[in-house]
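input24.pdb (PDB, C-alpha atoms (C1' of nucleotides))
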```pdb
ATOM      1  CA  MET A   1     -17.174   4.680  -7.439  1.00  0.00           C
ATOM      2  CA  LYS A   2     -18.351   4.737  -3.873  1.00  0.00           C
ATOM      3  CA  VAL A   3     -15.634   4.675  -1.209  1.00  0.00           C
ATOM      4  CA  ILE A   4     -16.394   3.616   2.347  1.00  0.00           C
ATOM      5  CA  PRO A   5     -13.527   4.523   4.707  1.00  0.00           C
ATOM      6  CA  HIS A   6     -13.059   3.063   8.175  1.00  0.00           C
ATOM      7  CA  LEU A   7     -10.544   4.279  10.716  1.00  0.00           C
ATOM      8  CA  ALA A   8      -8.808   1.156  11.989  1.00  0.00           C
ATOM      9  CA  SER A   9      -5.344  -0.155  12.702  1.00  0.00           C
ATOM     10  CA  ARG A  10      -4.149  -3.250  10.924  1.00  0.00           C
ATOM     11  CA  ALA A  11      -4.509  -5.269  14.095  1.00  0.00           C
ATOM     12  CA  ALA A  12      -8.126  -4.251  14.675  1.00  0.00           C
ATOM     13  CA  ARG A  13      -9.621  -4.180  11.240  1.00  0.00           C
ATOM     14  CA  GLY A  14     -10.806  -7.778  11.057  1.00  0.00           C
ATOM     15  CA  LYS A  15     -12.818  -7.616  14.234  1.00  0.00           C
ATOM     16  CA  ASN A  16     -16.511  -8.523  13.817  1.00  0.00           C
ATOM     17  CA  LEU A  17     -16.119  -8.811  10.056  1.00  0.00           C
ATOM     18  CA  THR A  18     -17.259 -11.589   7.798  1.00  0.00           C
ATOM     19  CA  ILE A  19     -15.226 -11.787   4.621  1.00  0.00           C
ATOM     20  CA  CYS A  20     -16.240 -13.690   1.521  1.00  0.00           C
ATOM     21  CA  TYR A  21     -13.458 -14.437  -0.932  1.00  0.00           C
ATOM     22  CA  GLY A  22     -12.615 -16.196  -4.167  1.00  0.00           C
ATOM     23  CA  ILE A  23      -9.848 -16.452  -6.736  1.00  0.00           C
ATOM     24  CA  HIS A  24     -10.386 -15.431 -10.348  1.00  0.00           C
ATOM     25  CA  ASP A  25      -8.475 -14.914 -13.582  1.00  0.00           C
ATOM     26  CA  PHE A  26      -7.193 -11.500 -14.482  1.00  0.00           C
ATOM     27  CA  PRO A  27      -4.911 -10.393 -17.345  1.00  0.00           C
ATOM     28  CA  VAL A  28      -1.836 -10.036 -15.130  1.00  0.00           C
ATOM     29  CA  GLY A  29      -2.393 -13.063 -12.895  1.00  0.00           C
ATOM     30  CA  LYS A  30      -4.918 -14.620 -10.543  1.00  0.00           C
ATOM     31  CA  ILE A  31      -6.661 -12.132  -8.312  1.00  0.00           C
ATOM     32  CA  LEU A  32      -7.982 -12.918  -4.859  1.00  0.00           C
ATOM     33  CA  VAL A  33     -11.085 -10.790  -4.344  1.00  0.00           C
ATOM     34  CA  ALA A  34     -12.556 -10.372  -0.866  1.00  0.00           C
ATOM     35  CA  LEU A  35     -15.863  -8.752   0.044  1.00  0.00           C
ATOM     36  CA  THR A  36     -17.495  -7.578   3.246  1.00  0.00           C
ATOM     37  CA  ALA A  37     -21.192  -6.787   3.498  1.00  0.00           C
ATOM     38  CA  GLU A  38     -20.296  -3.245   2.378  1.00  0.00           C
ATOM     39  CA  GLY A  39     -18.166  -3.908  -0.665  1.00  0.00           C
ATOM     40  CA  ILE A  40     -14.718  -4.947  -1.792  1.00  0.00           C
ATOM     41  CA  CYS A  41     -12.143  -4.818   0.998  1.00  0.00           C
ATOM     42  CA  TRP A  42      -9.210  -6.720  -0.515  1.00  0.00           C
ATOM     43  CA  LEU A  43      -7.724  -7.489  -3.878  1.00  0.00           C
ATOM     44  CA  GLY A  44      -4.456  -9.401  -4.061  1.00  0.00           C
ATOM     45  CA  ILE A  45      -2.576 -10.553  -7.153  1.00  0.00           C
ATOM     46  CA  ASN A  46      -1.352 -14.161  -7.043  1.00  0.00           C
ATOM     47  CA  CYS A  47      -2.221 -13.872  -3.372  1.00  0.00           C
ATOM     48  CA  THR A  48      -2.675 -16.836  -1.057  1.00  0.00           C
ATOM     49  CA  GLU A  49      -5.466 -17.353   1.415  1.00  0.00           C
ATOM     50  CA  ALA A  50      -2.829 -17.234   4.157  1.00  0.00           C
ATOM     51  CA  THR A  51      -1.926 -13.677   3.194  1.00  0.00           C
ATOM     52  CA  LEU A  52      -5.577 -12.688   3.228  1.00  0.00           C
ATOM     53  CA  ARG A  53      -6.057 -14.156   6.700  1.00  0.00           C
ATOM     54  CA  ASP A  54      -2.906 -12.545   7.979  1.00  0.00           C
ATOM     55  CA  ASN A  55      -4.149  -9.157   6.848  1.00  0.00           C
ATOM     56  CA  TRP A  56      -7.579  -9.480   8.437  1.00  0.00           C
ATOM     57  CA  LYS A  57      -6.883 -10.923  11.849  1.00  0.00           C
ATOM     58  CA  GLY A  58      -9.996 -11.825  13.775  1.00  0.00           C
ATOM     59  CA  ALA A  59     -12.312 -11.910  10.764  1.00  0.00           C
ATOM     60  CA  GLU A  60     -14.500 -14.824   9.785  1.00  0.00           C
ATOM     61  CA  PHE A  61     -13.756 -16.162   6.290  1.00  0.00           C
ATOM     62  CA  VAL A  62     -16.073 -17.814   3.809  1.00  0.00           C
ATOM     63  CA  GLU A  63     -14.739 -19.052   0.495  1.00  0.00           C
ATOM     64  CA  ASP A  64     -17.356 -18.565  -2.182  1.00  0.00           C
ATOM     65  CA  ALA A  65     -16.085 -17.856  -5.671  1.00  0.00           C
ATOM     66  CA  LYS A  66     -19.676 -17.790  -6.926  1.00  0.00           C
ATOM     67  CA  VAL A  67     -20.263 -14.627  -4.924  1.00  0.00           C
ATOM     68  CA  THR A  68     -16.961 -12.934  -5.739  1.00  0.00           C
ATOM     69  CA  ALA A  69     -17.158 -13.783  -9.452  1.00  0.00           C
ATOM     70  CA  ARG A  70     -19.522 -10.902 -10.111  1.00  0.00           C
ATOM     71  CA  ALA A  71     -17.103  -8.404  -8.634  1.00  0.00           C
ATOM     72  CA  ALA A  72     -14.103  -9.964 -10.373  1.00  0.00           C
ATOM     73  CA  ARG A  73     -15.868  -9.903 -13.733  1.00  0.00           C
ATOM     74  CA  GLU A  74     -16.849  -6.274 -13.355  1.00  0.00           C
ATOM     75  CA  ILE A  75     -13.324  -5.249 -12.436  1.00  0.00           C
ATOM     76  CA  ALA A  76     -11.863  -7.106 -15.407  1.00  0.00           C
ATOM     77  CA  ARG A  77     -14.457  -5.585 -17.723  1.00  0.00           C
ATOM     78  CA  ARG A  78     -13.882  -1.994 -16.575  1.00  0.00           C
ATOM     79  CA  TRP A  79     -10.125  -2.079 -16.113  1.00  0.00           C
ATOM     80  CA  PRO A  80      -8.294   0.135 -16.720  1.00  0.00           C
ATOM     81  CA  GLU A  81     -10.200   3.101 -18.182  1.00  0.00           C
ATOM     82  CA  LYS A  82     -13.538   2.676 -16.491  1.00  0.00           C
ATOM     83  CA  LEU A  83     -12.598   1.461 -13.038  1.00  0.00           C
ATOM     84  CA  GLY A  84     -14.043   4.657 -11.664  1.00  0.00           C
ATOM     85  CA  GLN A  85     -17.486   3.429 -12.677  1.00  0.00           C
ATOM     86  CA  LEU A  86     -17.348   0.344 -10.489  1.00  0.00           C
ATOM     87  CA  SER A  87     -20.786  -0.371  -9.051  1.00  0.00           C
ATOM     88  CA  ILE A  88     -19.249  -2.156  -6.055  1.00  0.00           C
ATOM     89  CA  PRO A  89     -18.236   0.143  -3.176  1.00  0.00           C
ATOM     90  CA  VAL A  90     -14.573   0.116  -2.192  1.00  0.00           C
ATOM     91  CA  VAL A  91     -14.139  -0.468   1.521  1.00  0.00           C
ATOM     92  CA  LEU A  92     -10.974   0.983   3.047  1.00  0.00           C
ATOM     93  CA  TYR A  93      -9.760   0.123   6.550  1.00  0.00           C
ATOM     94  CA  GLY A  94      -6.727   2.117   7.613  1.00  0.00           C
ATOM     95  CA  THR A  95      -5.219   4.799   9.807  1.00  0.00           C
ATOM     96  CA  ALA A  96      -6.010   8.450   9.119  1.00  0.00           C
ATOM     97  CA  PHE A  97      -2.716   8.792   7.257  1.00  0.00           C
ATOM     98  CA  GLN A  98      -3.275   5.675   5.149  1.00  0.00           C
ATOM     99  CA  LEU A  99      -6.806   6.742   4.233  1.00  0.00           C
ATOM    100  CA  LYS A 100      -5.482  10.107   3.047  1.00  0.00           C
ATOM    101  CA  VAL A 101      -2.849   8.439   0.904  1.00  0.00           C
ATOM    102  CA  TRP A 102      -5.211   5.832  -0.564  1.00  0.00           C
ATOM    103  CA  LYS A 103      -7.829   8.445  -1.452  1.00  0.00           C
ATOM    104  CA  GLU A 104      -5.125  10.389  -3.229  1.00  0.00           C
ATOM    105  CA  LEU A 105      -4.235   7.276  -5.234  1.00  0.00           C
ATOM    106  CA  LEU A 106      -7.814   7.098  -6.464  1.00  0.00           C
ATOM    107  CA  LYS A 107      -7.279  10.399  -8.269  1.00  0.00           C
ATOM    108  CA  ILE A 108      -4.482   9.101 -10.497  1.00  0.00           C
ATOM    109  CA  LYS A 109      -5.775   8.550 -14.000  1.00  0.00           C
ATOM    110  CA  SER A 110      -5.127   5.393 -15.957  1.00  0.00           C
ATOM    111  CA  GLY A 111      -2.091   5.782 -18.159  1.00  0.00           C
ATOM    112  CA  SER A 112      -0.364   8.265 -15.867  1.00  0.00           C
ATOM    113  CA  THR A 113       1.957   7.872 -12.910  1.00  0.00           C
ATOM    114  CA  VAL A 114       2.972  10.016  -9.954  1.00  0.00           C
ATOM    115  CA  THR A 115       5.922   9.827  -7.561  1.00  0.00           C
ATOM    116  CA  TYR A 116       5.802   9.091  -3.844  1.00  0.00           C
ATOM    117  CA  GLU A 117       7.039  12.614  -3.306  1.00  0.00           C
ATOM    118  CA  GLN A 118       4.091  14.108  -5.206  1.00  0.00           C
ATOM    119  CA  ILE A 119       1.635  12.192  -3.028  1.00  0.00           C
ATOM    120  CA  ALA A 120       3.421  13.419   0.095  1.00  0.00           C
ATOM    121  CA  GLN A 121       3.044  16.999  -1.095  1.00  0.00           C
ATOM    122  CA  LYS A 122      -0.605  16.582  -2.064  1.00  0.00           C
ATOM    123  CA  ILE A 123      -1.605  15.284   1.362  1.00  0.00           C
ATOM    124  CA  GLY A 124       0.251  18.117   3.064  1.00  0.00           C
ATOM    125  CA  SER A 125       3.138  16.127   4.564  1.00  0.00           C
ATOM    126  CA  PRO A 126       5.938  16.942   2.160  1.00  0.00           C
ATOM    127  CA  LYS A 127       8.606  15.396   4.326  1.00  0.00           C
ATOM    128  CA  ALA A 128       6.743  12.148   4.898  1.00  0.00           C
ATOM    129  CA  VAL A 129       7.859  10.584   1.638  1.00  0.00           C
ATOM    130  CA  ARG A 130       8.974   7.371   3.269  1.00  0.00           C
ATOM    131  CA  ALA A 131       5.784   7.156   5.266  1.00  0.00           C
ATOM    132  CA  VAL A 132       3.865   7.541   2.005  1.00  0.00           C
ATOM    133  CA  GLY A 133       5.911   4.680   0.598  1.00  0.00           C
ATOM    134  CA  SER A 134       4.908   2.403   3.403  1.00  0.00           C
ATOM    135  CA  ALA A 135       1.247   3.497   3.254  1.00  0.00           C
ATOM    136  CA  VAL A 136       1.117   2.868  -0.490  1.00  0.00           C
ATOM    137  CA  GLY A 137       2.601  -0.559   0.124  1.00  0.00           C
ATOM    138  CA  LYS A 138      -0.151  -1.334   2.602  1.00  0.00           C
ATOM    139  CA  ASN A 139      -2.952  -0.653   0.144  1.00  0.00           C
ATOM    140  CA  THR A 140      -5.554  -3.385   0.592  1.00  0.00           C
ATOM    141  CA  VAL A 141      -7.362  -3.084  -2.735  1.00  0.00           C
ATOM    142  CA  SER A 142      -4.739  -3.371  -5.480  1.00  0.00           C
ATOM    143  CA  ILE A 143      -5.663  -2.388  -9.048  1.00  0.00           C
ATOM    144  CA  VAL A 144      -8.874  -0.646  -7.941  1.00  0.00           C
ATOM    145  CA  VAL A 145      -6.841   1.660  -5.691  1.00  0.00           C
ATOM    146  CA  PRO A 146      -4.030   2.114  -8.205  1.00  0.00           C
ATOM    147  CA  CYS A 147      -0.955   1.899  -6.016  1.00  0.00           C
ATOM    148  CA  HIS A 148       0.949   0.568  -9.026  1.00  0.00           C
ATOM    149  CA  ARG A 149       0.756   4.070 -10.553  1.00  0.00           C
ATOM    150  CA  VAL A 150       3.081   5.431  -7.893  1.00  0.00           C
ATOM    151  CA  VAL A 151       6.665   5.191  -9.052  1.00  0.00           C
ATOM    152  CA  ASN A 152      10.139   6.118  -7.878  1.00  0.00           C
ATOM    153  CA  LYS A 153      11.269   9.537  -8.937  1.00  0.00           C
ATOM    154  CA  ALA A 154      14.521   8.015 -10.151  1.00  0.00           C
ATOM    155  CA  SER A 155      13.117   5.764 -12.840  1.00  0.00           C
ATOM    156  CA  GLY A 156      14.522   2.297 -12.887  1.00  0.00           C
ATOM    157  CA  LYS A 157      13.643   1.157  -9.402  1.00  0.00           C
ATOM    158  CA  VAL A 158      10.361  -0.725  -9.286  1.00  0.00           C
ATOM    159  CA  ASN A 159       8.948  -1.814  -5.979  1.00  0.00           C
ATOM    160  CA  TYR A 160       5.603  -3.592  -5.672  1.00  0.00           C
ATOM    161  CA  GLY A 161       3.970  -5.766  -3.074  1.00  0.00           C
ATOM    162  CA  TRP A 162       2.923  -8.366  -5.637  1.00  0.00           C
ATOM    163  CA  GLY A 163       6.259  -8.278  -7.461  1.00  0.00           C
ATOM    164  CA  PRO A 164       7.861  -5.735  -9.792  1.00  0.00           C
ATOM    165  CA  ALA A 165       6.919  -7.771 -12.863  1.00  0.00           C
ATOM    166  CA  VAL A 166       3.218  -7.428 -12.056  1.00  0.00           C
ATOM    167  CA  LYS A 167       3.568  -3.668 -11.592  1.00  0.00           C
ATOM    168  CA  LYS A 168       5.287  -3.352 -14.953  1.00  0.00           C
ATOM    169  CA  ALA A 169       2.596  -5.443 -16.626  1.00  0.00           C
ATOM    170  CA  LEU A 170      -0.175  -3.292 -15.142  1.00  0.00           C
ATOM    171  CA  LEU A 171       1.470  -0.052 -16.219  1.00  0.00           C
ATOM    172  CA  LYS A 172       2.206  -1.383 -19.672  1.00  0.00           C
ATOM    173  CA  ALA A 173      -1.393  -2.415 -20.162  1.00  0.00           C
ATOM    174  CA  GLU A 174      -2.622   0.989 -19.003  1.00  0.00           C
ATOM    175  CA  ALA A 175      -0.182   3.018 -21.083  1.00  0.00           C
ATOM    176  CA  ALA A 176      -1.931   5.239 -23.579  1.00  0.00           C
TER     177      ALA A 176
ATOM    178  C1'  DA B   1      30.091   5.867  -2.905  1.00  0.00           C
ATOM    179  C1'  DT B   2      28.426   6.085   1.803  1.00  0.00           C
ATOM    180  C1'  DT B   3      25.869   8.272   5.373  1.00  0.00           C
ATOM    181  C1'  DT B   4      22.263  11.178   7.260  1.00  0.00           C
ATOM    182  C1'  DA B   5      17.787  13.090   7.863  1.00  0.00           C
ATOM    183  C1'  DC B   6      12.859  13.005   7.523  1.00  0.00           C
ATOM    184  C1'  DC B   7       7.723  10.205   8.878  1.00  0.00           C
ATOM    185  C1'  DG B   8       4.240   6.643   9.993  1.00  0.00           C
ATOM    186  C1'  DT B   9       3.375   1.872  10.956  1.00  0.00           C
ATOM    187  C1'  DG B  10       3.663  -2.658  12.654  1.00  0.00           C
ATOM    188  C1'  DC B  11       6.374  -6.289  14.717  1.00  0.00           C
ATOM    189  C1'  DT B  12       9.260  -7.804  18.460  1.00  0.00           C
ATOM    190  C1'  DT B  13      10.898  -7.410  22.936  1.00  0.00           C
TER     191       DT B  13
ATOM    192  C1'  DA C   1       6.244   0.900  26.586  1.00  0.00           C
ATOM    193  C1'  DA C   2      10.414   0.986  24.029  1.00  0.00           C
ATOM    194  C1'  DG C   3      13.220  -0.399  20.063  1.00  0.00           C
ATOM    195  C1'  DC C   4      13.832  -1.737  15.281  1.00  0.00           C
ATOM    196  C1'  DA C   5      13.087  -2.273  10.454  1.00  0.00           C
ATOM    197  C1'  DC C   6      10.748  -0.623   6.154  1.00  0.00           C
ATOM    198  C1'  DG C   7      10.134   2.464   2.422  1.00  0.00           C
ATOM    199  C1'  DG C   8      11.663   7.215  -1.200  1.00  0.00           C
ATOM    200  C1'  DT C   9      14.495  11.191  -1.956  1.00  0.00           C
ATOM    201  C1'  DA C  10      17.793  14.864  -1.417  1.00  0.00           C
ATOM    202  C1'  DA C  11      21.724  16.559   0.606  1.00  0.00           C
ATOM    203  C1'  DA C  12      26.059  16.279   2.847  1.00  0.00           C
ATOM    204  C1'  DT C  13      30.256  13.834   3.612  1.00  0.00           C
TER     205       DT C  13
END
```
Can I see the file as structure tokens?
Amino acid sequence: MKVIPHLASRAARGKNLTICYGIHDFPVGKILVALTAEGICWLGINCTEATLRDNWKGAEFVEDAKVTARAAREIARRWPEKLGQLSIPVVLYGTAFQLKVWKELLKIKSGSTVTYEQIAQKIGSPKAVRAVGSAVGKNTVSIVVPCHRVVNKASGKVNYGWGPAVKKALLKAEAA
DNA sequence: ATTTACCGTGCTT
DNA sequence: AAGCACGGTAAAT
């Protein structure tokens, strides 16, 4: 899977971007898929257009489910085992810290989980566990960048931007 | 059982 | 430009 990183703050990332989006069915809910000219930049679960717009301030939006259907179908077909073989590039806009964290998430295999603490150690900021938590929560391409595979060390607590139930469903479906 | 410390980000003032 | 709230975990009170 090709990854195209861009250094950008949340406030600046929509500038001069045209985003094409559509909503499609997925096993754990409806997914809102958004594409730039480079590749997929956003995937939200049961996500509204308002949330998309809020996350890409300054961008121009075009709804076209015909265009996004190809991407959505490929993701559904490859998930979870073969997501790494996605033909569509993954476009990441974030700060240096967020990009480090998100790239680390890409290394987590389907069926396994890691803790926020382990990510913090892997990126060389062992004390930045909370910062990792917020960076994971700001992941823009859910499912493809598997932020749902990061769990609390003390099992039992489940936190997820699209709702704990969705996270549980994703992990259950991926479990070996 | 509550409080404290650690880090990065984004929102509000 | 400064302040505040989040988010995960361990350690001290």
Determine the residue membership of the PyMOL selection byres ((chain A) within 7 of (chain B)) for the file above and supply it as a PDB file with C-alpha atoms, keeping the file's coordinate frame.
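Generated file (selection.pdb):
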```pdb
ATOM      1  CA  LYS A 127       8.606  15.396   4.326  1.00  0.00           C
ATOM      2  CA  ALA A 128       6.743  12.148   4.898  1.00  0.00           C
ATOM      3  CA  ARG A 130       8.974   7.371   3.269  1.00  0.00           C
ATOM      4  CA  ALA A 131       5.784   7.156   5.266  1.00  0.00           C
TER       5      ALA A 131
END
```
>> If the PyMOL selection byres ((chain C) within 9 of (chain A)) were run on this exact file, what residues would it hold? Put them as a PyMOL selection string.
In response: chain C and resi 6-9
Any chance you could work out the axis-aligned box around range 6-9 of chain B, listed atoms only, 6 Å on each side, giving centre and edge lengths in Å to one decimal, as AutoDock Vina command-line options?
```
--center_x 8.1 --center_y 7.4 --center_z 9.2 --size_x 21.5 --size_y 23.1 --size_z 15.4
```
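CA of Gly22 in chain A sits 10.5 Å away from CA of Arg70 in chain A.
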> Expanded to explicit residues, what is the PyMOL selection byres ((chain A and resi 170) around 12) for this file, as a ChimeraX atom specification?
Replying inline: /A:26-29,45,79-80,110-113,142-144,146-150,160,162-169,171-175
> How far is it from CA of Cys20 in chain A to CA of Leu32 in chain A, in Å with one decimal?
Replying inline: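 About the pair CA of Cys20 in chain A and CA of Leu32 in chain A: they are 10.5 Å apart.
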> If you measure from CA of Asn46 in chain A to CA of Val141 in chain A, what distance in Å do you get, rounded to one decimal?
Replying inline: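 Pair CA of Asn46 in chain A / CA of Val141 in chain A returns 13.3 Å.
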